[in-house]
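Asks: Just passing along the structure, written as structure tokens.
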Protein chains: 2
Amino acid sequence: MSELKPGELRAWRAFLDAQASVMRQLEADLLAADGMTLAEFDVLIQLWFAAGVRLRMTELSERVRLTPSGITRLVDRLARTGLVRRGRCASDRRGTWAILTSAGRQRVDKVRPIHLRSVRRHFASRLSADQLQALTCALERLAPAVPLRVSSAI
Amino acid sequence: MSELKPGELRAWRAFLDAQASVMRQLEADLLAADGMTLAEFDVLIQLWFAAGVRLRMTELSERVRLTPSGITRLVDRLARTGLVRRGRCASDRRGTWAILTSAGRQRVDKVRPIHLRSVRRHFASRLSADQLQALTCALERLAPAVPLRVSSAI
DNA sequence: CAACAGTCTTTGCTTGCGCAACCTTCGTAA
DNA sequence: TTACGAAGGTTGCGCAAGCAAAGACTGTTG
């Protein structure tokens with residue numbers, strides 16, 4: 001058999017559409033309200049949740065779903081605007097910490113409500129509790145579980 | 001209330017993770033098997049399904065979920081490799097058709113099985129019929145229905 | 001029939017990201 | 001100890017895509 005069954009096809013379309021639609025709206029909301037990118041916010045929030053408001057670059061790249069080079073550049077930008085700084089890692093001298101500054105923390109405090117509202121509006125509030133549950137169950141089969149991920153952009 | 005409920009948060013994470021994971025794998029599969037981009041393939045397949053194997057640029061941009069400028073460039077590339085050609089639109093002289101060439105058709109015939117297998121492997125086969133159904137139902141609430149969309153990348 | 005607001009497409013510009021190559025450091029094995 | 005493969009991070013490079021503005025055309029309204 002070479003074709004997808006109609007149900008599979010429909011699910012696949014829905015998957016692609018939902019993804020594009022939701023992400024675009026979140027990006028737009030955040031940009032309009034605060035001039036911040038979703039990726040930037042994601043870095044900030046990951047650090048915000050992390051113990052010591054810091055994370056190793058590699059760890060950060062996994063949580064934010066970017067390649068190492070992508071994260072390097074993104075942290076560069078955030079460092080340039082003073083929201084994040086780098087720190088040398090004592091236990092492994094190859095390593096680098098990305099550390100949320102106090103300016104970064106303040107920024108998160110400001111932006112997070114905006115983003116929460118956006119997630120609720122474009123995602124959570126559109127689904128019943130049952131649907132949410134079913135959705136989670138299905139989606140979690142699609143992505144290999146990554147341990148200890150606090151969130152991505154809550 | 002300002003926080004997301006735990007269930008909502010978990011669903012949200014799953015949504016982001018599934019998206020990143022699945023799309024990356026599809027992209028990688030297609031690239032490895034045929035050197036083709038997902039976006040390129042999507043254009044080809046949209047045209048393949050369309051009446052007259054042609055679509056107006058605007059219509060195409062909606063189906064492929066790119067901005068007009070993005071589609072212009074993407075069609076440029078596909079035209080350069082002879083898989084698509086442009087045609088002037090008689091009924092509206094502002095318009096342009098993107099038309100699948102016979103080389104393009106052949107390419108679709110070759111690549112589609114690869115892509116189908118990939119979609120099945122990373123998406124459809126991981127879900128039971130019930131899950132597929134529930135997933136569809138939930139996801140369709142997240143994206144405003146776009147009429148008459150044959151598919152995106154089946 | 002003119003004027004004009006809206007639509008379709010393209011172009012200039014900018015940016016963000018991935019890949020591959022590189023350097024440093026680590027840890028293990030000879 | 002030295003050697004060496006692997007891991008962490010950064011860099012050069014190329015490219016794809018978005019925004020905004022421009023050009024061509026439409027059809028509607030005065």
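Residues in the structure tokens are named by chain (A, B, ... in the order shown) and by number from 1 within that chain; ligands are numbered from 1 in the order shown.
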I'd like the neighbourhood of DA17 of chain D as a PyMOL selection string, where a residue qualifies if any of its atoms comes within 12 Å (using only C-alpha atoms (C1' of nucleotides)), though same-chain residues fewer than 6 positions away should be ignored.

Replies: (chain B and resi 39+65-74) or (chain C and resi 14-17)

Asks: As a ChimeraX atom specification, please: every residue in segment 8-145 of chain B that a backbone DSSP assignment puts in strand (DSSP E or B).

Replies: /B:54-56,84-88,96-100

Asks: Kindly export the residues of the current selection with C-alpha atoms, as a PDB file, in the first residue's frame.

Replies:
ATOM      1  CA  ARG B  54      -1.406  24.733 -12.321  1.00  0.00           C
ATOM      2  CA  LEU B  55      -2.147  27.217  -9.580  1.00  0.00           C
ATOM      3  CA  ARG B  56      -2.082  30.955  -9.243  1.00  0.00           C
ATOM      4  CA  VAL B  84       7.814  24.248 -12.874  1.00  0.00           C
ATOM      5  CA  ARG B  85       7.195  26.973 -15.378  1.00  0.00           C
ATOM      6  CA  ARG B  86       5.277  30.214 -15.237  1.00  0.00           C
ATOM      7  CA  GLY B  87       2.383  31.092 -17.481  1.00  0.00           C
ATOM      8  CA  ARG B  88       0.600  34.351 -18.018  1.00  0.00           C
ATOM      9  CA  THR B  96       0.667  34.308 -12.983  1.00  0.00           C
ATOM     10  CA  TRP B  97       0.228  30.577 -13.181  1.00  0.00           C
ATOM     11  CA  ALA B  98       2.729  28.224 -11.704  1.00  0.00           C
ATOM     12  CA  ILE B  99       2.563  25.147 -13.908  1.00  0.00           C
ATOM     13  CA  LEU B 100       4.027  21.738 -13.266  1.00  0.00           C
TER      14      LEU B 100
END

Asks: Can you list, as JSON, numbers by chain, every protein, DNA or RNA residue that comes within 9 Å of Arg120 of chain B when you count only C-alpha atoms (C1' of nucleotides), leaving out same-chain residues fewer than 6 positions away?

Replies: {"A": [4, 8], "B": [126]}

Asks: Those same residues - C-alpha atoms - I'd like them written as a PDB file, in the first residue's frame.

Replies:
ATOM      1  CA  LEU A   4      -2.301   7.338   3.015  1.00  0.00           C
ATOM      2  CA  GLU A   8      -4.352   9.765   7.966  1.00  0.00           C
TER       3      GLU A   8
ATOM      4  CA  ARG B 126       2.754   5.999  15.397  1.00  0.00           C
TER       5      ARG B 126
END

Asks: If you count only C-alpha atoms (C1' of nucleotides), which residues fall within 9 Å of Gly104 of chain B, apart from same-chain ones fewer than 4 positions away, as a list in words?

Replies: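 What passes the distance filter is Leu44, Trp48, Leu78, Gly82, Leu83, Val84, Leu100, Val108 and Asp109 of chain B.
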
Asks: Selection from above, N, CA and C atoms, as an mmCIF file, in the first residue's frame, can you write it?

Replies:
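Saved result, part-v7.cif, follows:
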data_model
loop_
_atom_site.group_PDB
_atom_site.id
_atom_site.type_symbol
_atom_site.label_atom_id
_atom_site.label_comp_id
_atom_site.auth_asym_id
_atom_site.auth_seq_id
_atom_site.Cartn_x
_atom_site.Cartn_y
_atom_site.Cartn_z
ATOM 1 N N LEU B 44 5.423 21.246 -5.597
ATOM 2 C CA LEU B 44 5.218 20.258 -6.659
ATOM 3 C C LEU B 44 3.940 19.470 -6.446
ATOM 4 N N TRP B 48 0.570 19.243 -8.626
ATOM 5 C CA TRP B 48 0.247 17.906 -9.110
ATOM 6 C C TRP B 48 -1.231 17.594 -8.881
ATOM 7 N N LEU B 78 12.433 26.453 -8.650
ATOM 8 C CA LEU B 78 11.892 25.275 -9.324
ATOM 9 C C LEU B 78 11.849 25.479 -10.832
ATOM 10 N N GLY B 82 13.655 23.493 -13.993
ATOM 11 C CA GLY B 82 12.772 22.936 -15.019
ATOM 12 C C GLY B 82 11.601 22.108 -14.506
ATOM 13 N N LEU B 83 11.333 22.151 -13.221
ATOM 14 C CA LEU B 83 10.231 21.353 -12.689
ATOM 15 C C LEU B 83 8.905 22.101 -12.761
ATOM 16 N N VAL B 84 9.002 23.396 -12.828
ATOM 17 C CA VAL B 84 7.814 24.248 -12.874
ATOM 18 C C VAL B 84 8.074 25.326 -13.915
ATOM 19 N N LEU B 100 3.128 22.889 -13.396
ATOM 20 C CA LEU B 100 4.027 21.738 -13.266
ATOM 21 C C LEU B 100 4.428 21.249 -14.660
ATOM 22 N N VAL B 108 7.708 14.150 -9.204
ATOM 23 C CA VAL B 108 6.724 13.839 -8.176
ATOM 24 C C VAL B 108 6.503 12.325 -8.100
ATOM 25 N N ASP B 109 6.360 11.710 -9.259
ATOM 26 C CA ASP B 109 6.148 10.265 -9.266
ATOM 27 C C ASP B 109 7.275 9.538 -8.548
#

Asks: Please report as a PyMOL selection string which residues of chain D come no farther than 9 Å from chain B, using only C-alpha atoms (C1' of nucleotides).

Replies: chain D and resi 16-18+24-26

Asks: DSSP on the backbone: which residues in chain A end up as alpha helix (DSSP H)? Give the answer as a PyMOL selection string.

Replies: chain A and resi 6-34+38-49+57-64+68-80+102-122+129-139

Asks: Go ahead and dump the residues you just picked, C-alpha atoms, as a tab-separated table (two decimals), in the first residue's frame.

Replies:
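Saved to result-v2.tsv:
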chain	number	residue	atom	x	y	z
A	6	PRO	CA	-8.15	9.46	4.14
A	7	GLY	CA	-8.11	9.75	7.90
A	8	GLU	CA	-4.35	9.76	7.97
A	9	LEU	CA	-4.22	12.35	5.28
A	10	ARG	CA	-6.65	14.57	7.06
A	11	ALA	CA	-4.71	14.29	10.29
A	12	TRP	CA	-1.53	15.12	8.50
A	13	ARG	CA	-3.02	18.21	6.94
A	14	ALA	CA	-4.40	19.30	10.26
A	15	PHE	CA	-1.00	18.82	11.81
A	16	LEU	CA	0.71	21.03	9.25
A	17	ASP	CA	-1.97	23.67	9.30
A	18	ALA	CA	-2.22	23.89	13.05
A	19	GLN	CA	1.48	24.20	13.37
A	20	ALA	CA	1.84	27.00	10.85
A	21	SER	CA	-1.18	28.86	12.06
A	22	VAL	CA	-0.50	28.73	15.78
A	23	MET	CA	3.18	29.50	15.54
A	24	ARG	CA	2.63	32.44	13.26
A	25	GLN	CA	0.10	33.95	15.58
A	26	LEU	CA	2.25	33.53	18.64
A	27	GLU	CA	5.18	35.05	16.86
A	28	ALA	CA	3.07	37.95	15.70
A	29	ASP	CA	1.55	38.59	19.13
A	30	LEU	CA	4.91	38.61	20.82
A	31	LEU	CA	6.47	40.79	18.20
A	32	ALA	CA	3.64	43.28	18.30
A	33	ALA	CA	3.50	43.49	22.07
A	34	ASP	CA	7.17	43.54	22.83
A	38	LEU	CA	9.62	33.58	19.96
A	39	ALA	CA	13.07	32.03	19.89
A	40	GLU	CA	14.48	34.80	22.02
A	41	PHE	CA	11.69	34.49	24.49
A	42	ASP	CA	12.15	30.76	24.60
A	43	VAL	CA	15.78	31.15	25.60
A	44	LEU	CA	14.87	33.63	28.29
A	45	ILE	CA	12.16	31.46	29.73
A	46	GLN	CA	14.30	28.35	29.70
A	47	LEU	CA	16.94	30.16	31.69
A	48	TRP	CA	14.31	31.65	33.96
A	49	PHE	CA	13.12	28.18	34.90
A	57	MET	CA	24.82	26.06	25.73
A	58	THR	CA	24.23	22.52	24.58
A	59	GLU	CA	21.44	21.95	27.02
A	60	LEU	CA	19.90	25.21	25.97
A	61	SER	CA	20.11	24.32	22.31
A	62	GLU	CA	18.19	21.12	22.94
A	63	ARG	CA	15.48	22.81	24.93
A	64	VAL	CA	15.01	25.54	22.41
A	68	PRO	CA	24.47	24.60	18.48
A	69	SER	CA	25.42	27.26	16.01
A	70	GLY	CA	21.93	28.66	16.12
A	71	ILE	CA	22.07	28.94	19.88
A	72	THR	CA	25.47	30.56	19.83
A	73	ARG	CA	24.16	33.31	17.64
A	74	LEU	CA	20.92	33.71	19.52
A	75	VAL	CA	22.74	34.05	22.83
A	76	ASP	CA	25.08	36.52	21.14
A	77	ARG	CA	22.13	38.71	20.31
A	78	LEU	CA	20.60	38.45	23.75
A	79	ALA	CA	23.96	39.24	25.30
A	80	ARG	CA	24.30	42.28	23.11
A	102	SER	CA	18.51	40.76	36.14
A	103	ALA	CA	17.48	42.83	33.16
A	104	GLY	CA	16.58	39.55	31.51
A	105	ARG	CA	14.54	38.52	34.52
A	106	GLN	CA	12.63	41.76	34.47
A	107	ARG	CA	11.98	41.32	30.81
A	108	VAL	CA	10.58	37.85	31.39
A	109	ASP	CA	8.33	39.20	34.11
A	110	LYS	CA	6.98	41.70	31.66
A	111	VAL	CA	6.62	39.49	28.62
A	112	ARG	CA	5.48	36.25	30.10
A	113	PRO	CA	1.92	37.35	30.76
A	114	ILE	CA	1.65	38.45	27.19
A	115	HIS	CA	2.86	35.15	25.95
A	116	LEU	CA	0.68	33.20	28.32
A	117	ARG	CA	-2.33	35.02	27.08
A	118	SER	CA	-1.32	34.29	23.54
A	119	VAL	CA	-0.86	30.59	24.17
A	120	ARG	CA	-4.20	30.46	25.85
A	121	ARG	CA	-5.90	32.32	23.09
A	122	HIS	CA	-4.47	30.42	20.17
A	129	ALA	CA	-10.07	19.20	28.71
A	130	ASP	CA	-10.68	15.92	26.93
A	131	GLN	CA	-9.29	17.18	23.70
A	132	LEU	CA	-6.25	18.53	25.43
A	133	GLN	CA	-5.66	15.20	27.00
A	134	ALA	CA	-6.10	13.29	23.77
A	135	LEU	CA	-3.93	15.72	21.90
A	136	THR	CA	-1.14	15.37	24.40
A	137	CYS	CA	-1.31	11.64	24.30
A	138	ALA	CA	-1.09	11.57	20.54
A	139	LEU	CA	1.59	14.19	20.15

Asks: Identify, on the basis of only C-alpha atoms (C1' of nucleotides), every residue whose closest approach to DA21 of chain D does not exceed 10 Å; exclude the query and any residue fewer than 2 positions from it along the same chain; express the result as number ranges by chain.

Replies: C: 11-12; D: 19, 23

Asks: I'd like the neighbourhood of DT28 of chain C as a PDB file with N, CA and C atoms (P, O5', C5', C4', C3', O3' and C1' of nucleotides), in the first residue's frame, where a residue qualifies if any of its atoms comes within 12 Å (using only C-alpha atoms (C1' of nucleotides)), though same-chain residues fewer than 2 positions away should be ignored.

Replies:
ATOM      1  P    DC C  26      39.219  20.579  30.669  1.00  0.00           P
ATOM      2  O5'  DC C  26      38.650  19.125  30.340  1.00  0.00           O
ATOM      3  C5'  DC C  26      37.250  18.979  30.136  1.00  0.00           C
ATOM      4  C4'  DC C  26      36.984  17.570  29.661  1.00  0.00           C
ATOM      5  C3'  DC C  26      37.507  16.484  30.594  1.00  0.00           C
ATOM      6  O3'  DC C  26      36.408  15.747  31.067  1.00  0.00           O
ATOM      7  C1'  DC C  26      38.062  16.043  28.304  1.00  0.00           C
ATOM      8  P    DA C  30      43.743  -0.250  25.114  1.00  0.00           P
ATOM      9  O5'  DA C  30      45.235   0.007  24.613  1.00  0.00           O
ATOM     10  C5'  DA C  30      45.451   0.769  23.419  1.00  0.00           C
ATOM     11  C4'  DA C  30      46.844   1.386  23.472  1.00  0.00           C
ATOM     12  C3'  DA C  30      47.963   0.391  23.783  1.00  0.00           C
ATOM     13  O3'  DA C  30      49.042   0.591  22.891  1.00  0.00           O
ATOM     14  C1'  DA C  30      48.045   2.195  25.321  1.00  0.00           C
TER      15       DA C  30
ATOM     16  P    DA D   3      52.708  11.717  21.684  1.00  0.00           P
ATOM     17  O5'  DA D   3      51.374  10.918  21.361  1.00  0.00           O
ATOM     18  C5'  DA D   3      51.346   9.511  21.604  1.00  0.00           C
ATOM     19  C4'  DA D   3      50.005   8.943  21.183  1.00  0.00           C
ATOM     20  C3'  DA D   3      49.326   9.699  20.052  1.00  0.00           C
ATOM     21  O3'  DA D   3      48.741   8.751  19.170  1.00  0.00           O
ATOM     22  C1'  DA D   3      47.919   9.692  21.949  1.00  0.00           C
ATOM     23  P    DC D   4      48.029   9.158  17.834  1.00  0.00           P
ATOM     24  O5'  DC D   4      46.491   9.046  18.207  1.00  0.00           O
ATOM     25  C5'  DC D   4      46.015   7.914  18.937  1.00  0.00           C
ATOM     26  C4'  DC D   4      44.544   8.117  19.275  1.00  0.00           C
ATOM     27  C3'  DC D   4      43.811   8.955  18.227  1.00  0.00           C
ATOM     28  O3'  DC D   4      42.520   8.409  18.019  1.00  0.00           O
ATOM     29  C1'  DC D   4      43.545   9.934  20.323  1.00  0.00           C
ATOM     30  P    DG D   5      41.856   8.470  16.584  1.00  0.00           P
ATOM     31  O5'  DG D   5      40.318   8.327  16.960  1.00  0.00           O
ATOM     32  C5'  DG D   5      39.900   7.271  17.835  1.00  0.00           C
ATOM     33  C4'  DG D   5      38.825   7.796  18.779  1.00  0.00           C
ATOM     34  C3'  DG D   5      37.696   8.549  18.060  1.00  0.00           C
ATOM     35  O3'  DG D   5      36.462   8.193  18.676  1.00  0.00           O
ATOM     36  C1'  DG D   5      38.645   9.946  19.676  1.00  0.00           C
ATOM     37  P    DA D   6      35.108   8.564  18.012  1.00  0.00           P
ATOM     38  O5'  DA D   6      34.451   9.467  19.150  1.00  0.00           O
ATOM     39  C5'  DA D   6      34.474   9.016  20.501  1.00  0.00           C
ATOM     40  C4'  DA D   6      34.072  10.163  21.402  1.00  0.00           C
ATOM     41  C3'  DA D   6      32.898  10.987  20.873  1.00  0.00           C
ATOM     42  O3'  DA D   6      32.007  11.221  21.948  1.00  0.00           O
ATOM     43  C1'  DA D   6      34.720  12.408  21.339  1.00  0.00           C
TER      44       DA D   6
END

Asks: For a quick test of understanding: name the residues of chain C lying within 8 Å of chain B when counting only C-alpha atoms (C1' of nucleotides), and present them as a tab-separated table (two decimals) with C-alpha atoms (C1' of nucleotides), in the first residue's frame.

Replies:
chain	number	residue	atom	x	y	z
C	8	DC	C1'	-1.37	40.20	-7.71
C	9	DT	C1'	3.31	39.61	-8.14
C	10	DT	C1'	7.96	40.81	-7.91
